[in-house]
Amino acid sequence: MNLTSILFYSFEALAALSSIALIFVRNVFHGALLLITGLLALAGIYVLAFAEFVAVTQILVYAGGILVVIIFGIMLTTKLSGKPLLIEHAYRFSGTLAGIGFFALLIFSIVNASFKNLPPPPTRLTEIRTIGVGLMTDFALPFEVAGILLLVALIGAAIIASSTKSNKT
Amino acid sequence: MFPIEHFLYLGAILFSAGLVVIITKKNMIMVLLGVELMLNASNLNLVAFNQLYPENINGQMFALFVIIVAVCEAAVGLAIVIQVYSLHHTSVPGEVDELSD
């Protein structure tokens with residue numbers, strides 16, 4: 001068991017534990033922090049899975065963008081009384097049943113699937129140059145559409161969030 | 001290089017946890033967190049299978065576009081949550097029931 005394996009399985013354990021803890025947590029702020037912990041552990045797994053560009057994108061987007069947005073959302077939807085925002089759980093039985101059932105289905109499929117005919121394991125990272133050339137050639141259309149989607153989401157979010165109560169009445 | 005099953009087990013755990021979070025939490029922001037968790041479970045599977053074929057990058061590209069869509073979903077979703085909170089003074093999805101009988 002070398003250092004890479006130890007890192008890989010610690011990242012896996014961290015991601016799994018933080019996602020399972022997200023089920024039980026009742027404070028929304030703690031939930032956001034647990035989610036970010038899990039997503040950063042996933043970024044570590046991506047590095048070990050030879051996808052470093054996706055890993056860096058994951059860190060930049062989630063730790064830099066979505067965490068800030070979620071924490072702003074939490075702050076703007078609490079009454080700022082100094083108390084932490086505790087939430088209730090509903091549909092406990094059916095939710096647990098659906099989760100366990102779906103998990104059992106997935107595990108059943110994975111265990112029964114045959115992964116014997118897979119190609120030999122790779123030993124090198126995907127070069128970032130390959131991804132850049134791919135974005136400009138094979139994936140030029142999705143790249144442009146993604147840019148338009150980001151612009152639309154930016155304008156839409158700004159307009160939805162900025163219309164205050166004063167122009168409703 | 002690690003066995004592909006270990007990636008898939010972690011993906012199954014993340015997806016099921018996201019499903020339970022979406023169903024059981026009575027808070028819109030927690031529901032959004034569950035959606036993010038499920039999207040990341042799919043991303044993990046895309047990256048895990050892409051590493052077996054280093055000569056093409058389709059899986060990584062798909063993962064990148066999934067991340068882009070997740071960002072848009074989070075931004076617009078939280079804007080809607082803030083607006084609903086300012087109109088209804090609640091962030092519990094079940095209490096926004098103007099259109100129900």
# chains A, B, ... in the order shown; residues from 1 in each chain; ligands from 1
>>> residues_around(residues="Leu44 in chain B", least_positions_apart="4", cutoff="12 Å", atoms="only C-alpha atoms", output="ChimeraX atom specification")
/A:12,15,39,41-49,51,54-55,58 /B:4-15,37-40,48-51,59-60,62-64,66-67
>>> residues_around(residues="Val68 in chain A", least_positions_apart="4", cutoff="12 Å", atoms="only C-alpha atoms", output="list in words")
Phe29, Ala32, Leu33, Ile36, Leu60, Val61, Tyr62, Ala63, Gly64, Phe72, Gly73, Ile74 and Met75 of chain A; Val71, Ala74, Ala75 and Leu78 of chain B
>>> select_by_dssp(residues="range 40-163 of chain A", states="alpha helix (DSSP H)", output="PDB file with C-alpha atoms, in the first residue's frame")
ATOM      1  CA  LEU A  40     -12.768  19.238  -2.582  1.00  0.00           C
ATOM      2  CA  ALA A  41     -12.109  15.578  -1.758  1.00  0.00           C
ATOM      3  CA  LEU A  42     -13.638  14.744  -5.138  1.00  0.00           C
ATOM      4  CA  ALA A  43     -11.161  17.150  -6.739  1.00  0.00           C
ATOM      5  CA  GLY A  44      -8.356  15.128  -5.152  1.00  0.00           C
ATOM      6  CA  ILE A  45      -9.854  11.952  -6.586  1.00  0.00           C
ATOM      7  CA  TYR A  46      -9.964  13.587 -10.028  1.00  0.00           C
ATOM      8  CA  VAL A  47      -6.235  14.325  -9.828  1.00  0.00           C
ATOM      9  CA  LEU A  48      -5.554  10.680  -9.007  1.00  0.00           C
ATOM     10  CA  GLU A  52      -6.175  17.387 -13.469  1.00  0.00           C
ATOM     11  CA  PHE A  53      -7.981  20.047 -15.505  1.00  0.00           C
ATOM     12  CA  VAL A  54     -11.354  18.869 -14.207  1.00  0.00           C
ATOM     13  CA  ALA A  55      -9.895  18.869 -10.690  1.00  0.00           C
ATOM     14  CA  VAL A  56      -8.712  22.470 -10.943  1.00  0.00           C
ATOM     15  CA  THR A  57     -12.031  23.507 -12.444  1.00  0.00           C
ATOM     16  CA  GLN A  58     -13.821  21.758  -9.592  1.00  0.00           C
ATOM     17  CA  LEU A  67     -19.671  28.201  -1.777  1.00  0.00           C
ATOM     18  CA  VAL A  68     -19.842  32.001  -1.795  1.00  0.00           C
ATOM     19  CA  VAL A  69     -23.224  32.000  -3.513  1.00  0.00           C
ATOM     20  CA  ILE A  70     -24.664  29.403  -1.131  1.00  0.00           C
ATOM     21  CA  ILE A  71     -23.419  31.248   1.951  1.00  0.00           C
ATOM     22  CA  PHE A  72     -24.899  34.488   0.615  1.00  0.00           C
ATOM     23  CA  GLY A  73     -28.166  32.630   0.088  1.00  0.00           C
ATOM     24  CA  ILE A  74     -28.095  31.310   3.660  1.00  0.00           C
ATOM     25  CA  MET A  75     -27.375  34.753   5.062  1.00  0.00           C
ATOM     26  CA  LEU A  76     -30.142  36.385   3.037  1.00  0.00           C
ATOM     27  CA  ARG A  92     -37.985  10.444   6.919  1.00  0.00           C
ATOM     28  CA  PHE A  93     -39.182   6.920   6.255  1.00  0.00           C
ATOM     29  CA  SER A  94     -39.901   7.248   2.543  1.00  0.00           C
ATOM     30  CA  GLY A  95     -36.722   9.222   1.940  1.00  0.00           C
ATOM     31  CA  THR A  96     -34.562   6.641   3.664  1.00  0.00           C
ATOM     32  CA  LEU A  97     -36.385   3.871   1.843  1.00  0.00           C
ATOM     33  CA  ALA A  98     -35.861   5.537  -1.539  1.00  0.00           C
ATOM     34  CA  GLY A  99     -32.191   6.202  -0.804  1.00  0.00           C
ATOM     35  CA  ILE A 100     -31.426   2.701   0.420  1.00  0.00           C
ATOM     36  CA  GLY A 101     -33.406   1.140  -2.395  1.00  0.00           C
ATOM     37  CA  PHE A 102     -31.624   3.151  -5.063  1.00  0.00           C
ATOM     38  CA  PHE A 103     -28.260   2.484  -3.436  1.00  0.00           C
ATOM     39  CA  ALA A 104     -28.959  -1.248  -3.374  1.00  0.00           C
ATOM     40  CA  LEU A 105     -29.965  -1.124  -7.035  1.00  0.00           C
ATOM     41  CA  LEU A 106     -26.756   0.661  -8.003  1.00  0.00           C
ATOM     42  CA  ILE A 107     -24.553  -1.672  -5.945  1.00  0.00           C
ATOM     43  CA  PHE A 108     -26.340  -4.693  -7.415  1.00  0.00           C
ATOM     44  CA  SER A 109     -25.679  -3.414 -10.952  1.00  0.00           C
ATOM     45  CA  ILE A 110     -22.024  -2.604 -10.224  1.00  0.00           C
ATOM     46  CA  VAL A 111     -21.332  -5.961  -8.593  1.00  0.00           C
ATOM     47  CA  ASN A 112     -22.963  -7.846 -11.428  1.00  0.00           C
ATOM     48  CA  ILE A 128      -4.064  20.431 -20.732  1.00  0.00           C
ATOM     49  CA  ARG A 129      -2.945  21.238 -24.289  1.00  0.00           C
ATOM     50  CA  THR A 130      -5.135  18.364 -25.508  1.00  0.00           C
ATOM     51  CA  ILE A 131      -8.142  19.798 -23.684  1.00  0.00           C
ATOM     52  CA  GLY A 132      -7.519  23.287 -25.049  1.00  0.00           C
ATOM     53  CA  VAL A 133      -7.195  22.059 -28.616  1.00  0.00           C
ATOM     54  CA  GLY A 134     -10.304  19.929 -28.130  1.00  0.00           C
ATOM     55  CA  LEU A 135     -12.307  22.893 -26.856  1.00  0.00           C
ATOM     56  CA  MET A 136     -11.393  24.899 -29.944  1.00  0.00           C
ATOM     57  CA  ALA A 140     -16.315  24.421 -30.328  1.00  0.00           C
ATOM     58  CA  LEU A 141     -20.123  24.414 -30.573  1.00  0.00           C
ATOM     59  CA  PRO A 142     -20.784  23.171 -26.991  1.00  0.00           C
ATOM     60  CA  PHE A 143     -18.179  25.657 -25.780  1.00  0.00           C
ATOM     61  CA  GLU A 144     -19.996  28.584 -27.374  1.00  0.00           C
ATOM     62  CA  VAL A 145     -23.391  27.320 -26.209  1.00  0.00           C
ATOM     63  CA  ALA A 146     -22.002  27.047 -22.674  1.00  0.00           C
ATOM     64  CA  GLY A 147     -20.844  30.642 -22.893  1.00  0.00           C
ATOM     65  CA  ILE A 148     -24.306  31.774 -23.945  1.00  0.00           C
ATOM     66  CA  LEU A 149     -25.849  29.680 -21.152  1.00  0.00           C
ATOM     67  CA  LEU A 150     -23.587  31.318 -18.575  1.00  0.00           C
ATOM     68  CA  LEU A 151     -24.500  34.771 -19.876  1.00  0.00           C
ATOM     69  CA  VAL A 152     -28.215  33.964 -19.751  1.00  0.00           C
ATOM     70  CA  ALA A 153     -27.917  32.552 -16.223  1.00  0.00           C
ATOM     71  CA  LEU A 154     -25.968  35.619 -15.070  1.00  0.00           C
ATOM     72  CA  ILE A 155     -28.517  38.089 -16.428  1.00  0.00           C
ATOM     73  CA  GLY A 156     -31.432  35.970 -15.237  1.00  0.00           C
ATOM     74  CA  ALA A 157     -30.085  35.562 -11.709  1.00  0.00           C
ATOM     75  CA  ALA A 158     -29.327  39.275 -11.430  1.00  0.00           C
ATOM     76  CA  ILE A 159     -32.808  40.265 -12.617  1.00  0.00           C
ATOM     77  CA  ILE A 160     -34.651  37.712 -10.476  1.00  0.00           C
ATOM     78  CA  ALA A 161     -32.732  38.566  -7.325  1.00  0.00           C
ATOM     79  CA  SER A 162     -32.814  42.339  -7.776  1.00  0.00           C
TER      80      SER A 162
END
>>> atom_distance(atom1="CA of Leu46 in chain B", atom2="CA of Phe65 in chain B")
11.4 Å
>>> residues_around(residues="Met30 in chain B", least_positions_apart="4", cutoff="12 Å", atoms="only C-alpha atoms", output="PyMOL selection string")
(chain A and resi 22-35+70-71+73-74+85-89) or (chain B and resi 18-26+34-37+74+77-78+81+91-93)
>>> closest_residue(among="B:Met61, B:Val69, B:Val31, B:Val76", to="chain A", atoms="only C-alpha atoms")
B:Val76
>>> residues_around(residues="Glu98 in chain B", least_positions_apart="2", cutoff="12 Å", atoms="only C-alpha atoms", output="mmCIF file with N, CA and C atoms, in the first residue's frame")
data_model
loop_
_atom_site.group_PDB
_atom_site.id
_atom_site.type_symbol
_atom_site.label_atom_id
_atom_site.label_comp_id
_atom_site.auth_asym_id
_atom_site.auth_seq_id
_atom_site.Cartn_x
_atom_site.Cartn_y
_atom_site.Cartn_z
ATOM 1 N N VAL B 84 -38.347 34.079 -3.316
ATOM 2 C CA VAL B 84 -39.461 33.415 -2.616
ATOM 3 C C VAL B 84 -39.438 33.768 -1.138
ATOM 4 N N LEU B 87 -40.916 37.135 -0.601
ATOM 5 C CA LEU B 87 -42.361 37.198 -0.820
ATOM 6 C C LEU B 87 -43.139 36.452 0.250
ATOM 7 N N HIS B 88 -42.661 35.264 0.640
ATOM 8 C CA HIS B 88 -43.438 34.405 1.530
ATOM 9 C C HIS B 88 -42.860 34.324 2.932
ATOM 10 N N PRO B 93 -40.071 24.441 1.379
ATOM 11 C CA PRO B 93 -40.793 24.294 0.108
ATOM 12 C C PRO B 93 -42.282 24.008 0.288
ATOM 13 N N GLY B 94 -42.659 23.265 1.355
ATOM 14 C CA GLY B 94 -44.054 22.904 1.524
ATOM 15 C C GLY B 94 -44.954 24.050 1.927
ATOM 16 N N GLU B 95 -44.362 25.133 2.413
ATOM 17 C CA GLU B 95 -45.199 26.248 2.886
ATOM 18 C C GLU B 95 -45.527 27.249 1.783
ATOM 19 N N VAL B 96 -44.951 27.082 0.620
ATOM 20 C CA VAL B 96 -45.284 27.956 -0.499
ATOM 21 C C VAL B 96 -46.411 27.263 -1.272
ATOM 22 N N SER B 100 -52.132 25.786 -4.434
ATOM 23 C CA SER B 100 -52.803 24.531 -4.126
ATOM 24 C C SER B 100 -54.162 24.808 -3.521
ATOM 25 N N ASP B 101 -54.955 23.771 -3.465
ATOM 26 C CA ASP B 101 -56.318 23.929 -2.953
ATOM 27 C C ASP B 101 -56.304 24.193 -1.456
#
>>> atom_distance(atom1="CA of Ala79 in chain B", atom2="CA of Ser16 in chain B")
26.4 Å
>>> decode(residues="range 12-95 of chain B", atoms="C-alpha atoms", output="PDB file, in the first residue's frame")
ATOM      1  CA  ALA B  12     -23.414   5.343  -5.803  1.00  0.00           C
ATOM      2  CA  ILE B  13     -22.949   6.599  -2.233  1.00  0.00           C
ATOM      3  CA  LEU B  14     -22.914  10.239  -3.344  1.00  0.00           C
ATOM      4  CA  PHE B  15     -25.968   9.852  -5.555  1.00  0.00           C
ATOM      5  CA  SER B  16     -28.038   8.060  -2.898  1.00  0.00           C
ATOM      6  CA  ALA B  17     -27.039  10.596  -0.246  1.00  0.00           C
ATOM      7  CA  GLY B  18     -28.109  13.411  -2.581  1.00  0.00           C
ATOM      8  CA  LEU B  19     -31.442  11.687  -3.191  1.00  0.00           C
ATOM      9  CA  VAL B  20     -32.126  11.319   0.548  1.00  0.00           C
ATOM     10  CA  VAL B  21     -31.141  14.945   1.164  1.00  0.00           C
ATOM     11  CA  ILE B  22     -33.499  16.169  -1.554  1.00  0.00           C
ATOM     12  CA  ILE B  23     -36.430  14.157  -0.202  1.00  0.00           C
ATOM     13  CA  THR B  24     -36.036  14.708   3.529  1.00  0.00           C
ATOM     14  CA  LYS B  25     -34.806  18.271   4.054  1.00  0.00           C
ATOM     15  CA  LYS B  26     -37.347  20.984   4.669  1.00  0.00           C
ATOM     16  CA  ASN B  27     -35.207  23.798   3.335  1.00  0.00           C
ATOM     17  CA  MET B  28     -34.745  24.956  -0.245  1.00  0.00           C
ATOM     18  CA  ILE B  29     -31.007  25.565   0.106  1.00  0.00           C
ATOM     19  CA  MET B  30     -30.449  22.041   1.410  1.00  0.00           C
ATOM     20  CA  VAL B  31     -32.375  20.726  -1.600  1.00  0.00           C
ATOM     21  CA  LEU B  32     -30.006  22.647  -3.875  1.00  0.00           C
ATOM     22  CA  LEU B  33     -27.044  21.120  -2.024  1.00  0.00           C
ATOM     23  CA  GLY B  34     -28.508  17.668  -2.683  1.00  0.00           C
ATOM     24  CA  VAL B  35     -28.793  18.440  -6.389  1.00  0.00           C
ATOM     25  CA  GLU B  36     -25.133  19.491  -6.454  1.00  0.00           C
ATOM     26  CA  LEU B  37     -24.192  16.212  -4.789  1.00  0.00           C
ATOM     27  CA  MET B  38     -26.032  14.166  -7.416  1.00  0.00           C
ATOM     28  CA  LEU B  39     -24.437  16.117 -10.288  1.00  0.00           C
ATOM     29  CA  ASN B  40     -21.009  15.469  -8.787  1.00  0.00           C
ATOM     30  CA  ALA B  41     -21.733  11.748  -8.512  1.00  0.00           C
ATOM     31  CA  SER B  42     -22.343  11.658 -12.268  1.00  0.00           C
ATOM     32  CA  ASN B  43     -19.169  13.681 -12.848  1.00  0.00           C
ATOM     33  CA  LEU B  44     -17.148  11.146 -10.871  1.00  0.00           C
ATOM     34  CA  ASN B  45     -18.375   8.321 -13.089  1.00  0.00           C
ATOM     35  CA  LEU B  46     -17.598  10.279 -16.266  1.00  0.00           C
ATOM     36  CA  VAL B  47     -14.032  10.981 -15.131  1.00  0.00           C
ATOM     37  CA  ALA B  48     -13.541   7.416 -13.879  1.00  0.00           C
ATOM     38  CA  PHE B  49     -14.452   5.870 -17.212  1.00  0.00           C
ATOM     39  CA  ASN B  50     -12.572   8.486 -19.211  1.00  0.00           C
ATOM     40  CA  GLN B  51      -9.277   7.579 -17.529  1.00  0.00           C
ATOM     41  CA  LEU B  52      -9.362   4.194 -19.234  1.00  0.00           C
ATOM     42  CA  TYR B  53      -9.211   5.818 -22.668  1.00  0.00           C
ATOM     43  CA  PRO B  54      -6.465   8.440 -22.468  1.00  0.00           C
ATOM     44  CA  GLU B  55      -6.484   9.069 -26.199  1.00  0.00           C
ATOM     45  CA  ASN B  56      -9.847  10.820 -26.157  1.00  0.00           C
ATOM     46  CA  ILE B  57     -11.247  13.411 -23.777  1.00  0.00           C
ATOM     47  CA  ASN B  58     -14.989  13.071 -24.244  1.00  0.00           C
ATOM     48  CA  GLY B  59     -15.680  12.153 -20.616  1.00  0.00           C
ATOM     49  CA  GLN B  60     -13.677  15.022 -19.189  1.00  0.00           C
ATOM     50  CA  MET B  61     -15.377  17.455 -21.573  1.00  0.00           C
ATOM     51  CA  PHE B  62     -18.784  16.180 -20.522  1.00  0.00           C
ATOM     52  CA  ALA B  63     -17.763  16.604 -16.871  1.00  0.00           C
ATOM     53  CA  LEU B  64     -16.721  20.201 -17.554  1.00  0.00           C
ATOM     54  CA  PHE B  65     -20.051  21.002 -19.183  1.00  0.00           C
ATOM     55  CA  VAL B  66     -21.894  19.363 -16.283  1.00  0.00           C
ATOM     56  CA  ILE B  67     -19.972  21.678 -13.936  1.00  0.00           C
ATOM     57  CA  ILE B  68     -21.023  24.683 -16.053  1.00  0.00           C
ATOM     58  CA  VAL B  69     -24.675  23.663 -15.914  1.00  0.00           C
ATOM     59  CA  ALA B  70     -24.372  23.117 -12.143  1.00  0.00           C
ATOM     60  CA  VAL B  71     -23.089  26.663 -11.733  1.00  0.00           C
ATOM     61  CA  CYS B  72     -26.003  28.112 -13.700  1.00  0.00           C
ATOM     62  CA  GLU B  73     -28.464  26.009 -11.716  1.00  0.00           C
ATOM     63  CA  ALA B  74     -27.017  27.154  -8.392  1.00  0.00           C
ATOM     64  CA  ALA B  75     -27.039  30.832  -9.332  1.00  0.00           C
ATOM     65  CA  VAL B  76     -30.589  30.925 -10.707  1.00  0.00           C
ATOM     66  CA  GLY B  77     -31.881  28.577  -8.001  1.00  0.00           C
ATOM     67  CA  LEU B  78     -30.528  30.695  -5.167  1.00  0.00           C
ATOM     68  CA  ALA B  79     -31.905  33.849  -6.781  1.00  0.00           C
ATOM     69  CA  ILE B  80     -35.330  32.199  -6.858  1.00  0.00           C
ATOM     70  CA  VAL B  81     -34.932  31.072  -3.213  1.00  0.00           C
ATOM     71  CA  ILE B  82     -34.112  34.627  -2.122  1.00  0.00           C
ATOM     72  CA  GLN B  83     -37.068  36.026  -4.043  1.00  0.00           C
ATOM     73  CA  VAL B  84     -39.461  33.415  -2.616  1.00  0.00           C
ATOM     74  CA  TYR B  85     -38.161  34.223   0.863  1.00  0.00           C
ATOM     75  CA  SER B  86     -38.824  37.915   0.413  1.00  0.00           C
ATOM     76  CA  LEU B  87     -42.361  37.198  -0.820  1.00  0.00           C
ATOM     77  CA  HIS B  88     -43.438  34.405   1.530  1.00  0.00           C
ATOM     78  CA  HIS B  89     -41.007  34.829   4.476  1.00  0.00           C
ATOM     79  CA  THR B  90     -40.228  31.143   4.489  1.00  0.00           C
ATOM     80  CA  SER B  91     -37.672  28.849   2.948  1.00  0.00           C
ATOM     81  CA  VAL B  92     -39.607  25.632   3.478  1.00  0.00           C
ATOM     82  CA  PRO B  93     -40.793  24.294   0.108  1.00  0.00           C
ATOM     83  CA  GLY B  94     -44.054  22.904   1.524  1.00  0.00           C
ATOM     84  CA  GLU B  95     -45.199  26.248   2.886  1.00  0.00           C
TER      85      GLU B  95
END
